[in-house]
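One file, coords_34.txt, carrying compact mmCIF, C-alpha atoms and all ligand atoms:
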```txt
# COMPACT_ATOMS: atom_id res chain seq x y z
CA MET A 126 101.69 101.51 79.76
CA LYS A 127 98.98 100.45 82.21
CA THR A 128 99.91 98.72 85.44
CA ILE A 129 97.29 96.57 87.15
CA LEU A 130 98.27 96.46 90.81
CA PRO A 131 96.97 94.10 93.47
CA SER A 132 93.81 95.33 95.19
CA ARG A 133 90.62 93.86 96.57
CA SER A 134 89.42 92.71 93.15
CA SER A 135 91.62 90.20 91.38
CA SER A 136 94.17 91.69 89.01
CA LEU A 137 93.47 88.95 86.46
CA SER A 138 89.76 89.85 86.43
CA ARG A 139 90.70 93.45 85.70
CA LEU A 140 92.99 92.26 82.91
CA ASN A 141 90.08 90.26 81.56
CA ARG A 142 87.98 93.43 81.32
CA MET A 143 90.82 95.39 79.77
CA LEU A 144 91.43 92.82 77.05
CA ALA A 145 87.75 92.84 76.16
CA GLY A 146 88.02 96.56 75.37
CA LYS A 147 88.40 98.30 72.02
CA THR A 148 92.22 98.59 72.17
CA PHE A 149 92.47 94.84 71.73
CA ASP A 150 89.86 94.43 68.97
CA ASN A 151 91.30 92.06 66.35
CA ALA A 152 94.33 91.31 68.52
CA ARG A 153 95.78 87.82 68.33
CA PHE A 154 97.47 86.60 71.50
CA PHE A 155 100.51 84.35 71.93
CA ILE A 156 101.29 83.35 75.52
CA LEU A 157 104.98 82.78 76.28
CA VAL A 158 105.65 80.26 79.07
CA ASP A 159 108.36 77.99 80.47
CA GLU A 160 107.67 74.52 81.82
CA ASN A 161 106.96 75.75 85.36
CA THR A 162 104.65 78.58 84.36
CA TYR A 163 102.91 76.27 81.87
CA ASN A 164 102.11 73.90 84.75
CA HIS A 165 101.51 76.31 87.63
CA CYS A 166 100.32 79.58 86.09
CA LEU A 167 98.71 79.03 82.69
CA PRO A 168 95.64 77.24 84.12
CA HIS A 169 94.90 80.25 86.42
CA LEU A 170 95.32 82.69 83.56
CA ILE A 171 93.10 80.81 81.13
CA ALA A 172 90.44 80.27 83.81
CA ARG A 173 90.20 83.98 84.58
CA VAL A 174 90.84 85.76 81.30
CA SER A 175 88.32 84.66 78.71
CA ARG A 176 89.92 86.69 75.91
CA LEU A 177 92.90 84.33 76.15
CA HIS A 178 90.91 81.10 75.73
CA GLU A 179 91.81 80.99 72.07
CA ALA A 180 95.40 82.15 72.53
CA GLU A 181 98.24 80.13 71.12
CA PHE A 182 101.18 79.41 73.40
CA MET A 183 104.91 79.12 72.97
CA GLU A 184 107.08 77.25 75.50
CA VAL A 185 110.79 77.94 76.03
CA PRO A 186 113.43 76.41 78.36
CA VAL A 187 113.37 77.40 82.04
CA GLY A 188 115.71 80.14 83.33
CA GLU A 189 118.64 82.00 81.75
CA GLU A 190 118.90 79.38 78.98
CA CYS A 191 115.93 80.98 77.21
CA LYS A 192 117.54 84.44 77.02
CA ASP A 193 119.34 83.44 73.84
CA ILE A 194 119.20 84.86 70.33
CA ALA A 195 118.66 81.35 68.89
CA ILE A 196 115.47 81.01 70.97
CA ALA A 197 114.35 84.52 69.97
CA THR A 198 114.86 83.57 66.31
CA GLN A 199 112.77 80.42 66.77
CA LEU A 200 109.98 82.49 68.29
CA TRP A 201 110.10 85.00 65.41
CA GLN A 202 109.89 82.07 62.98
CA THR A 203 106.89 80.63 64.82
CA LEU A 204 105.16 84.01 64.65
CA LEU A 205 105.95 84.39 60.96
CA GLU A 206 104.80 80.87 60.08
CA SER A 207 101.56 81.54 61.96
CA ASN A 208 101.04 84.70 59.86
CA ALA A 209 101.14 86.84 63.00
CA ASP A 210 100.62 90.46 61.96
CA ARG A 211 101.27 93.75 63.77
CA ASN A 212 98.10 93.27 65.80
CA THR A 213 99.70 90.35 67.55
CA VAL A 214 100.24 90.64 71.30
CA ILE A 215 102.80 88.55 73.20
CA VAL A 216 101.68 87.72 76.72
CA ASN A 217 104.71 87.01 78.89
CA LEU A 218 103.59 84.67 81.65
CA GLY A 219 106.61 84.03 83.85
CA GLY A 220 109.53 85.46 85.73
CA GLY A 221 112.19 87.90 84.60
CA CYS A 222 113.64 85.51 82.05
CA ILE A 223 110.31 85.19 80.24
CA SER A 224 109.60 88.94 80.27
CA ASP A 225 113.16 89.78 79.14
CA LEU A 226 112.89 87.32 76.23
CA GLY A 227 109.25 88.00 75.30
CA GLY A 228 109.79 91.76 75.44
CA PHE A 229 112.83 91.41 73.18
CA VAL A 230 110.89 89.31 70.66
CA ALA A 231 108.01 91.81 70.70
CA ALA A 232 110.39 94.75 70.22
CA GLY A 233 111.96 93.15 67.16
CA TYR A 234 109.03 91.51 65.41
CA LYS A 235 107.82 93.67 62.50
CA ARG A 236 109.61 96.63 64.13
CA GLY A 237 107.62 96.31 67.33
CA ILE A 238 104.39 94.66 68.43
CA ARG A 239 102.66 94.94 71.80
CA HIS A 240 103.43 92.77 74.78
CA ILE A 241 101.80 92.24 78.17
CA ASN A 242 103.81 91.22 81.19
CA ILE A 243 102.16 88.97 83.75
CA PRO A 244 104.94 88.38 86.26
CA THR A 245 104.76 85.10 88.18
CA THR A 246 107.89 85.47 90.35
CA LEU A 247 108.52 88.04 93.04
CA ILE A 248 111.52 89.39 91.07
CA GLY A 249 109.16 89.83 88.14
CA MET A 250 106.50 91.62 90.19
CA ALA A 251 108.94 93.84 92.07
CA ASP A 252 111.29 94.60 89.24
CA ALA A 253 111.72 92.77 85.93
CA ALA A 254 108.22 93.16 84.47
CA LEU A 255 108.27 96.93 84.97
CA GLY A 256 110.30 99.56 83.20
CA GLY A 257 110.54 98.43 79.58
CA LYS A 258 114.04 96.94 79.58
CA THR A 259 114.32 93.74 77.54
CA ALA A 260 117.47 91.65 77.29
CA LEU A 261 119.22 88.54 76.03
CA ASN A 262 122.57 87.12 77.09
CA LEU A 263 125.46 86.97 74.64
CA ALA A 264 128.56 84.76 74.71
CA GLY A 265 128.03 83.91 78.37
CA SER A 266 127.65 87.56 79.38
CA LYS A 267 124.35 88.63 80.90
CA ASN A 268 121.96 91.14 79.31
CA GLN A 269 124.32 92.28 76.56
CA ILE A 270 121.69 92.83 73.87
CA GLY A 271 118.29 94.37 74.27
CA PHE A 272 115.83 97.12 73.52
CA PHE A 273 113.80 99.55 75.55
CA HIS A 274 110.24 98.47 74.74
CA GLN A 275 107.47 99.35 77.17
CA PRO A 276 104.81 96.70 77.79
CA ALA A 277 101.23 97.69 76.93
CA ILE A 278 100.07 96.29 80.28
CA VAL A 279 101.76 94.90 83.38
CA CYS A 280 99.38 92.79 85.47
CA ILE A 281 100.61 91.97 88.97
CA ASP A 282 98.56 89.23 90.66
CA PRO A 283 99.96 87.78 93.91
CA LEU A 284 98.01 84.58 93.22
CA PHE A 285 100.98 83.26 91.27
CA LEU A 286 103.28 83.47 94.28
CA ASN A 287 101.47 80.53 95.92
CA THR A 288 103.53 78.00 93.94
CA LEU A 289 106.84 79.89 93.95
CA PRO A 290 109.63 78.04 95.83
CA ASP A 291 111.01 79.81 98.94
CA GLU A 292 114.40 80.40 97.37
CA GLU A 293 112.82 82.27 94.45
CA MET A 294 110.75 84.29 96.94
CA PHE A 295 113.90 85.32 98.82
CA ASN A 296 115.50 86.48 95.57
CA GLY A 297 112.60 88.84 95.07
CA VAL A 298 112.64 89.97 98.69
CA PHE A 299 116.20 91.27 98.24
CA GLU A 300 115.09 93.37 95.23
CA MET A 301 112.22 94.71 97.34
CA LEU A 302 114.57 95.57 100.20
CA LYS A 303 116.72 97.47 97.69
CA THR A 304 113.74 99.38 96.32
CA PHE A 305 112.49 100.32 99.78
CA MET A 306 116.01 101.38 100.85
CA ILE A 307 115.94 103.98 98.10
CA GLY A 308 112.26 104.88 98.20
CA ASP A 309 110.30 103.96 101.35
CA ARG A 310 111.85 103.96 104.80
CA GLU A 311 108.68 102.78 106.55
CA ARG A 312 108.09 99.73 104.37
CA TYR A 313 111.81 98.95 104.45
CA GLY A 314 111.54 98.70 108.25
CA GLN A 315 108.35 96.66 107.99
CA LEU A 316 109.94 94.13 105.62
CA CYS A 317 113.07 93.85 107.79
CA ASP A 318 110.91 93.25 110.89
CA MET A 319 109.01 90.46 109.14
CA ILE A 320 112.21 88.75 108.03
CA LEU A 321 113.79 89.00 111.45
CA SER A 322 110.72 87.62 113.19
CA GLY A 323 110.25 84.83 110.62
CA THR A 324 106.83 86.10 109.55
CA LEU A 325 107.51 87.07 105.97
CA ASP A 326 104.26 87.97 104.21
CA ILE A 327 104.44 89.73 100.87
CA THR A 328 101.24 91.70 101.10
CA ALA A 329 99.43 93.46 98.28
CA ASP A 330 100.42 96.74 99.92
CA LEU A 331 104.15 95.90 99.79
CA LEU A 332 103.91 94.74 96.16
CA THR A 333 102.01 97.84 95.12
CA ALA A 334 104.38 100.22 96.91
CA CYS A 335 107.42 98.54 95.40
CA ALA A 336 106.00 98.62 91.86
CA GLU A 337 105.03 102.27 92.29
CA ILE A 338 108.53 103.29 93.37
CA LYS A 339 110.13 101.55 90.41
CA SER A 340 107.56 102.96 87.96
CA ALA A 341 108.03 106.50 89.27
CA VAL A 342 111.81 106.30 88.82
CA VAL A 343 111.48 104.83 85.31
CA LYS A 344 109.03 107.56 84.35
CA GLN A 345 111.65 110.20 85.17
CA ASP A 346 114.41 108.45 83.22
CA PRO A 347 113.00 105.82 80.85
CA HIS A 348 116.27 105.31 78.97
CA ASP A 349 118.52 104.94 81.98
CA THR A 350 120.76 107.95 81.48
CA GLY A 351 120.66 109.38 84.99
CA ILE A 352 118.40 109.03 88.03
CA ARG A 353 117.27 105.49 87.08
CA ARG A 354 120.72 104.36 88.22
CA ILE A 355 119.53 104.56 91.83
CA LEU A 356 117.81 101.24 91.10
CA ASN A 357 121.30 99.73 90.71
CA LEU A 358 122.00 100.02 94.43
CA GLY A 359 123.96 96.88 95.39
CA HIS A 360 124.16 95.76 91.76
CA THR A 361 127.75 96.76 90.84
CA PHE A 362 128.86 94.38 93.59
CA GLY A 363 125.93 91.98 93.15
CA HIS A 364 126.63 91.36 89.46
CA ALA A 365 130.29 90.63 90.23
CA ILE A 366 129.35 88.36 93.16
CA GLU A 367 126.87 86.49 90.95
CA ALA A 368 129.32 86.05 88.05
CA TYR A 369 132.20 85.09 90.36
CA SER A 370 130.07 82.46 92.13
CA HIS A 371 129.33 80.86 88.74
CA HIS A 372 133.02 81.04 87.81
CA LYS A 373 134.01 79.31 91.05
CA GLY A 374 131.24 76.80 90.46
CA GLN A 375 130.84 75.52 94.03
CA SER A 376 127.60 77.17 95.01
CA PRO A 377 126.44 79.51 92.26
CA LEU A 378 124.31 82.34 93.59
CA ALA A 379 121.07 83.52 92.01
CA HIS A 380 120.81 87.18 91.01
CA GLY A 381 118.66 88.17 93.99
CA GLN A 382 120.92 86.47 96.54
CA ALA A 383 124.00 88.10 94.99
CA VAL A 384 122.32 91.51 95.09
CA GLY A 385 121.42 90.86 98.72
CA ILE A 386 125.11 90.38 99.49
CA GLY A 387 126.06 93.30 97.22
CA LEU A 388 123.82 95.53 99.34
CA ILE A 389 126.00 94.77 102.39
CA VAL A 390 129.04 96.00 100.43
CA ALA A 391 127.14 99.11 99.34
CA LEU A 392 126.04 99.90 102.90
CA TYR A 393 129.52 99.27 104.31
CA LEU A 394 130.98 101.77 101.83
CA SER A 395 128.10 104.17 102.50
CA VAL A 396 129.03 104.20 106.20
CA ARG A 397 132.68 104.92 105.39
CA LYS A 398 132.21 107.41 102.57
CA LEU A 399 128.88 109.12 103.14
CA GLY A 400 128.41 108.89 106.89
CA LEU A 401 125.48 106.43 106.79
CA ASP A 402 124.44 105.36 110.29
CA PRO A 403 126.36 102.10 111.02
CA ALA A 404 123.26 100.70 112.77
CA ILE A 405 121.57 100.54 109.33
CA LEU A 406 124.42 98.39 108.01
CA ASP A 407 124.38 96.10 111.07
CA ARG A 408 120.64 95.55 110.95
CA TYR A 409 120.63 94.89 107.21
CA ARG A 410 123.46 92.37 107.57
CA THR A 411 121.41 90.46 110.15
CA VAL A 412 118.37 90.56 107.84
CA ALA A 413 120.37 89.34 104.81
CA ALA A 414 121.91 86.49 106.81
CA LYS A 415 118.39 85.15 107.46
CA LEU A 416 117.85 84.69 103.73
CA VAL A 417 121.26 83.76 102.33
CA THR A 418 124.55 82.29 103.59
CA LEU A 419 127.01 85.17 103.62
CA PRO A 420 130.28 84.29 101.86
CA HIS A 421 133.77 84.67 103.38
CA TYR A 422 136.02 86.25 100.78
CA ASN A 423 139.81 86.11 100.97
CA LEU A 424 142.25 88.38 99.11
CA ARG A 425 142.34 86.07 96.12
CA ASP A 426 138.53 86.19 95.86
CA THR A 427 138.54 89.99 95.99
CA GLU A 428 140.85 90.06 92.95
CA GLY A 429 138.43 87.80 91.07
CA LEU A 430 135.48 89.98 92.07
CA LEU A 431 137.25 93.21 91.11
CA THR A 432 137.98 91.80 87.64
CA TYR A 433 134.23 91.61 87.05
CA MET A 434 133.60 95.06 88.54
CA ARG A 435 136.20 96.65 86.24
CA GLN A 436 134.08 95.59 83.25
CA ASP A 437 131.16 97.78 84.37
CA LYS A 438 130.23 100.26 81.65
CA LYS A 439 129.69 103.10 84.14
CA ASN A 440 133.27 103.24 85.52
CA GLN A 441 135.31 106.44 85.24
CA GLY A 442 139.08 107.02 85.27
CA GLY A 443 140.12 103.72 86.88
CA ASP A 444 137.69 103.98 89.81
CA ILE A 445 134.59 101.81 90.08
CA CYS A 446 131.42 103.88 90.01
CA CYS A 447 128.82 102.96 92.59
CA VAL A 448 125.41 103.89 93.96
CA LEU A 449 125.62 104.44 97.72
CA LEU A 450 123.28 105.75 100.41
CA GLN A 451 123.67 108.88 102.47
CA ASN A 452 120.70 107.68 104.44
CA LEU A 453 117.70 105.45 103.84
CA THR A 454 115.84 106.97 100.85
CA ALA A 455 118.81 109.26 100.06
CA PRO A 456 120.82 107.49 97.32
CA VAL A 457 123.82 109.02 95.56
CA ILE A 458 124.71 107.85 92.02
CA ASP A 459 127.97 107.81 90.03
CA LEU A 460 130.23 107.83 93.06
CA PRO A 461 133.78 106.74 92.14
CA VAL A 462 135.23 104.36 94.74
CA PRO A 463 138.92 103.33 94.72
CA GLU A 464 139.54 99.60 94.42
CA ASN A 465 141.32 99.29 97.77
CA GLU A 466 138.18 100.52 99.56
CA ILE A 467 136.05 97.96 97.74
CA ARG A 468 138.57 95.23 98.57
CA ASP A 469 138.32 96.19 102.23
CA ALA A 470 134.50 96.09 102.12
CA LEU A 471 134.46 92.64 100.45
CA LEU A 472 136.75 91.24 103.14
CA LYS A 473 134.38 92.51 105.84
CA ILE A 474 131.03 91.23 104.52
CA CYS A 475 130.52 88.78 107.38
N1 LIG B 1 114.39 93.79 82.55
C1 LIG B 1 114.58 94.14 83.81
O1 LIG B 1 114.37 95.30 84.19
C2 LIG B 1 115.03 93.10 84.80
C3 LIG B 1 115.09 93.43 86.16
C4 LIG B 1 115.46 92.43 87.06
C5 LIG B 1 115.79 91.17 86.61
N2 LIG B 1 115.74 90.90 85.27
C6 LIG B 1 116.08 89.56 84.77
O2 LIG B 1 115.17 88.63 85.35
C7 LIG B 1 115.78 87.35 85.45
C8 LIG B 1 115.54 86.81 86.84
O3 LIG B 1 114.17 86.79 87.10
P1 LIG B 1 113.42 85.54 87.77
O4 LIG B 1 114.12 85.15 88.99
O5 LIG B 1 111.98 85.88 87.82
O6 LIG B 1 113.73 84.38 86.69
P2 LIG B 1 112.96 83.20 86.02
O7 LIG B 1 112.05 83.68 84.97
O8 LIG B 1 113.99 82.24 85.59
O9 LIG B 1 112.09 82.53 87.20
C9 LIG B 1 112.72 81.87 88.26
C10 LIG B 1 112.21 80.42 88.38
O10 LIG B 1 110.89 80.39 88.88
C11 LIG B 1 110.06 79.57 88.05
N3 LIG B 1 108.70 80.10 88.19
C12 LIG B 1 108.22 81.26 87.68
N4 LIG B 1 107.00 81.50 88.17
C13 LIG B 1 106.67 80.48 88.96
C14 LIG B 1 105.53 80.18 89.76
N5 LIG B 1 104.52 81.05 89.87
N6 LIG B 1 105.53 79.02 90.46
C15 LIG B 1 106.60 78.17 90.41
N7 LIG B 1 107.72 78.42 89.70
C16 LIG B 1 107.74 79.55 88.99
C17 LIG B 1 110.67 79.70 86.70
O11 LIG B 1 110.29 78.65 85.85
C18 LIG B 1 112.16 79.65 87.06
O12 LIG B 1 112.55 78.33 87.30
C19 LIG B 1 117.26 87.56 85.14
O13 LIG B 1 117.53 87.10 83.85
C20 LIG B 1 117.44 89.08 85.21
O14 LIG B 1 118.45 89.53 84.37
C21 LIG B 1 115.36 91.83 84.38
ZN ZN B 2 118.44 93.10 90.20
```
Written form, structure tokens:
Amino acid sequence: MKTILPSRSSSLSRLNRMLAGKTFDNARFFILVDENTYNHCLPHLIARVSRLHEAEFMEVPVGEECKDIAIATQLWQTLLESNADRNTVIVNLGGGCISDLGGFVAAGYKRGIRHINIPTTLIGMADAALGGKTALNLAGSKNQIGFFHQPAIVCIDPLFLNTLPDEEMFNGVFEMLKTFMIGDRERYGQLCDMILSGTLDITADLLTACAEIKSAVVKQDPHDTGIRRILNLGHTFGHAIEAYSHHKGQSPLAHGQAVGIGLIVALYLSVRKLGLDPAILDRYRTVAAKLVTLPHYNLRDTEGLLTYMRQDKKNQGGDICCVLLQNLTAPVIDLPVPENEIRDALLKIC
């Protein structure tokens, strides 16, 4: 896999040169978009990457709705009816939903064709486009089916962030905060400072550093059997918070926002169980509150949330297994935490 990271020359221009090379001789390109990336991102891509002028494109519904086996089947049929052979390349132009779906379709078509991820959301650039995990939802449950299928190229160009709504930016910022908590103390501090002073600027340096941390972890554990779990910091709680907010239906939280709140729970437990400096928790809570409204959970809510956490595949012997922090950049995986301690943490989020 090649990753094109932001630098002084445009990432899309470098992609243009790469696609003109021998590896893509005879390749036929299909660009996967949703309505928003069709409108906001496709024109930039076509204008800068000449090899894609002749590409065909496939449009799918916006958001989680596209991560569905029925949509994947339609895409496979389109490819088949167009006589797409094994030299076909799927170009995923969009956020995490597009790369999860397009990667899945590429992994399955004729036992695996190449795909290129061009993330257009901050979650995509910081996380979803990297690492080779593809996924669809099943029976209302997120990411239940999928393959590991590494993209041939990931091209990160901050140009696409210009049209991204603030709320989507904040979702990505939470994933970046998580990554820097586990891998880069200095940039973690820098990002917190920007948020607190209201001068958030996702620079090429921050994007590059974040992508490099994720890529380095994935390289050590591509199939997620050990160390890669550090990337799940905040996610055991975040997934439950996200699912529970949809179940309650009043103000459903996006994945990034839910992870942002889940990180407070993780840090609270880290203070209690691993001696993390409480000042780190306090500062992070102030940072998170700038980007999302922190929920007040009562005892009844904690029961609902724990129901989702109990379903986590990584649990052991009745305890919920978590990733916590001993310190910034010192994560600990597979830590069993009794339910009463999690209940206590959920009640004290605010
Ligand atoms: N495979 C992985 O490793 C991994 C990691 C993290 C998240 N994910 C998945 O990613 C998904 C969330 O990612 P996401 O938030 O990027 O979702 P998304 O693809 O739904 O994008 C969010 C929204 O932004 C719009 N959009 C995208 N680019 C835009 C642009 N440049 N300008 C304006 N609007 C734009 C989209 O149309 C959509 O409405 C979830 O399904 C999650 O499970 C996967
Ligand atoms: Zn996440």
(request) Return as JSON, numbers by chain every polymer residue, whether protein, DNA or RNA, with at least one atom no more than 7 Å from an atom of ligand ZN 2 (chain B); count all atoms listed in the file. (result) {"A": [300, 360, 380, 381, 384]}
(message) Can you measure CA of Ile467 (chain A) to CA of Gly363 (chain A) for me? One decimal in Å is fine.
(response)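 CA of Ile467 (chain A) sits 12.6 Å away from CA of Gly363 (chain A).
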(request) Could you please determine the separation between CA of Leu472 (chain A) and CA of Met319 (chain A) in Å, to one decimal place? (result)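 Atom-to-atom, CA of Leu472 (chain A) and CA of Met319 (chain A) are spaced 28.4 Å apart.
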(request) Tell me, as a list of chain:residue names, which residues lie within 10 Å of Arg435 (chain A), counting only C-alpha atoms; anything in the same chain fewer than 6 positions away does not count. (result) A:Thr361, A:Ala365, A:Gln441, A:Gly443, A:Asp444, A:Ile445, A:Cys446, A:Glu464
For ligand LIG 1 (chain B), return the neighbouring residues as a short mmCIF file (atom, residue, chain, number, x, y, z; two decimals) with C-alpha atoms, in the coordinates of the input (distance at most 6 Å; only C-alpha atoms and all ligand atoms).
```
data_model
loop_
_atom_site.label_atom_id
_atom_site.label_comp_id
_atom_site.auth_asym_id
_atom_site.auth_seq_id
_atom_site.Cartn_x
_atom_site.Cartn_y
_atom_site.Cartn_z
CA ASP A 159 108.36 77.99 80.47
CA ASN A 161 106.96 75.75 85.36
CA THR A 162 104.65 78.58 84.36
CA HIS A 165 101.51 76.31 87.63
CA CYS A 166 100.32 79.58 86.09
CA VAL A 187 113.37 77.40 82.04
CA GLY A 188 115.71 80.14 83.33
CA GLU A 189 118.64 82.00 81.75
CA GLY A 219 106.61 84.03 83.85
CA GLY A 220 109.53 85.46 85.73
CA GLY A 221 112.19 87.90 84.60
CA CYS A 222 113.64 85.51 82.05
CA ILE A 223 110.31 85.19 80.24
CA ASP A 225 113.16 89.78 79.14
CA THR A 245 104.76 85.10 88.18
CA THR A 246 107.89 85.47 90.35
CA ILE A 248 111.52 89.39 91.07
CA GLY A 249 109.16 89.83 88.14
CA ASP A 252 111.29 94.60 89.24
CA ALA A 253 111.72 92.77 85.93
CA GLY A 256 110.30 99.56 83.20
CA LYS A 258 114.04 96.94 79.58
CA THR A 259 114.32 93.74 77.54
CA PHE A 285 100.98 83.26 91.27
CA LEU A 286 103.28 83.47 94.28
CA THR A 288 103.53 78.00 93.94
CA LEU A 289 106.84 79.89 93.95
#
```
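Remark: for Pro347 (chain A), the closest of the candidate residues A:Asn141, A:Gln382, A:Gln275, A:Thr418 is A:Gln275 (distances computed over only C-alpha atoms).
When CA of Leu430 (chain A) is paired with CA of Val457 (chain A), their separation reads 22.6 Å.
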(message) Residues within 9 Å of Lys127 (chain A), please, as a ChimeraX atom specification. Count only C-alpha atoms; anything in the same chain fewer than 4 positions from it doesn't count.
(response) /A:276-280
With C-alpha atoms kept, could you save the residues just selected as a PDB file, in the coordinates of the input?
```pdb
ATOM      1  CA  PRO A 276     104.810  96.700  77.790  1.00  0.00           C
ATOM      2  CA  ALA A 277     101.230  97.690  76.930  1.00  0.00           C
ATOM      3  CA  ILE A 278     100.070  96.290  80.280  1.00  0.00           C
ATOM      4  CA  VAL A 279     101.760  94.900  83.380  1.00  0.00           C
ATOM      5  CA  CYS A 280      99.380  92.790  85.470  1.00  0.00           C
TER       6      CYS A 280
END
```
(request) Could you give me, as JSON, numbers by chain, the residues within 10 Å of Ile405 (chain A), counting all atoms listed in the file and dropping anything in the same chain fewer than 2 positions from it? (result) {"A": [392, 393, 396, 401, 402, 403, 407, 408, 409, 410, 452, 453]}
Output C-alpha atoms for every residue in that selection, as a PDB file, in the frame of the given file.
```pdb
ATOM      1  CA  LEU A 392     126.040  99.900 102.900  1.00  0.00           C
ATOM      2  CA  TYR A 393     129.520  99.270 104.310  1.00  0.00           C
ATOM      3  CA  VAL A 396     129.030 104.200 106.200  1.00  0.00           C
ATOM      4  CA  LEU A 401     125.480 106.430 106.790  1.00  0.00           C
ATOM      5  CA  ASP A 402     124.440 105.360 110.290  1.00  0.00           C
ATOM      6  CA  PRO A 403     126.360 102.100 111.020  1.00  0.00           C
ATOM      7  CA  ASP A 407     124.380  96.100 111.070  1.00  0.00           C
ATOM      8  CA  ARG A 408     120.640  95.550 110.950  1.00  0.00           C
ATOM      9  CA  TYR A 409     120.630  94.890 107.210  1.00  0.00           C
ATOM     10  CA  ARG A 410     123.460  92.370 107.570  1.00  0.00           C
ATOM     11  CA  ASN A 452     120.700 107.680 104.440  1.00  0.00           C
ATOM     12  CA  LEU A 453     117.700 105.450 103.840  1.00  0.00           C
TER      13      LEU A 453
END
```
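The nearest approach to Thr328 (chain A) among the residues A:Val230, A:Val462, A:Met183, A:Leu284, with all atoms listed in the file taken into account, belongs to A:Leu284.
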(message) Here is a test: counting all atoms listed in the file, which residue of A:Arg353, A:Gln451, A:Glu181, A:Gly374 is nearest to Leu406 (chain A)?
(response)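 Counting all atoms listed in the file, the residue closest to Leu406 (chain A) is A:Gln451.
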(message) With all atoms listed in the file as the counted atoms, please give the residues lying no more than 8 Å from Leu137 (chain A), apart from itself and same-chain residues fewer than 5 positions off, as a list in words.
(response)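 So the residues in contact are Leu170, Arg173, Val174, Cys280 and Asp282 of chain A.
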(request) Measuring atom to atom with only C-alpha atoms, identify which of A:Ala455, A:Val298, A:Ile238, A:Leu460 is nearest to Gly385 (chain A). (result)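 Residue with the minimum atom-to-atom distance to Gly385 (chain A): A:Val298.
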(message) Ranking A:Gly351, A:Gly297, A:Gly400, A:Val412 by minimum distance to Asp318 (chain A) and counting all atoms listed in the file, which one comes first?
(response) A:Val412
(request) List every protein, DNA or RNA residue with an atom no more than 9 Å from (126.6, 99.6, 101.6) in the file's coordinates, counting all atoms listed in the file, and format the result as a list in words. (result)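 Output: Leu358, Gly359, Gly387, Leu388, Ile389, Val390, Ala391, Leu392, Tyr393, Leu394, Ser395, Val396, Arg397, Leu401, Leu406, Val448, Leu449, Leu450 and Ala470 of chain A.
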Could you save those same residues with C-alpha atoms as a PDB file, in the coordinates of the input?
```
ATOM      1  CA  LEU A 358     122.000 100.020  94.430  1.00  0.00           C
ATOM      2  CA  GLY A 359     123.960  96.880  95.390  1.00  0.00           C
ATOM      3  CA  GLY A 387     126.060  93.300  97.220  1.00  0.00           C
ATOM      4  CA  LEU A 388     123.820  95.530  99.340  1.00  0.00           C
ATOM      5  CA  ILE A 389     126.000  94.770 102.390  1.00  0.00           C
ATOM      6  CA  VAL A 390     129.040  96.000 100.430  1.00  0.00           C
ATOM      7  CA  ALA A 391     127.140  99.110  99.340  1.00  0.00           C
ATOM      8  CA  LEU A 392     126.040  99.900 102.900  1.00  0.00           C
ATOM      9  CA  TYR A 393     129.520  99.270 104.310  1.00  0.00           C
ATOM     10  CA  LEU A 394     130.980 101.770 101.830  1.00  0.00           C
ATOM     11  CA  SER A 395     128.100 104.170 102.500  1.00  0.00           C
ATOM     12  CA  VAL A 396     129.030 104.200 106.200  1.00  0.00           C
ATOM     13  CA  ARG A 397     132.680 104.920 105.390  1.00  0.00           C
ATOM     14  CA  LEU A 401     125.480 106.430 106.790  1.00  0.00           C
ATOM     15  CA  LEU A 406     124.420  98.390 108.010  1.00  0.00           C
ATOM     16  CA  VAL A 448     125.410 103.890  93.960  1.00  0.00           C
ATOM     17  CA  LEU A 449     125.620 104.440  97.720  1.00  0.00           C
ATOM     18  CA  LEU A 450     123.280 105.750 100.410  1.00  0.00           C
ATOM     19  CA  ALA A 470     134.500  96.090 102.120  1.00  0.00           C
TER      20      ALA A 470
END
```
(request) Go through A:Ala379, A:Met250, A:Asn208, A:Ser224 and flag the residue nearest Val185 (chain A), using only C-alpha atoms for the distances. (result)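 Nearest candidate to Val185 (chain A) out of A:Ala379, A:Met250, A:Asn208, A:Ser224: A:Ser224.
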(request) List every protein, DNA or RNA residue with an atom no more than 10 Å from (108.0, 101.2, 93.7) in the file's coordinates, counting all atoms listed in the file, and format the result as a PyMOL selection string. (result) chain A and resi 251-252+255+301+304-305+307-309+331-343
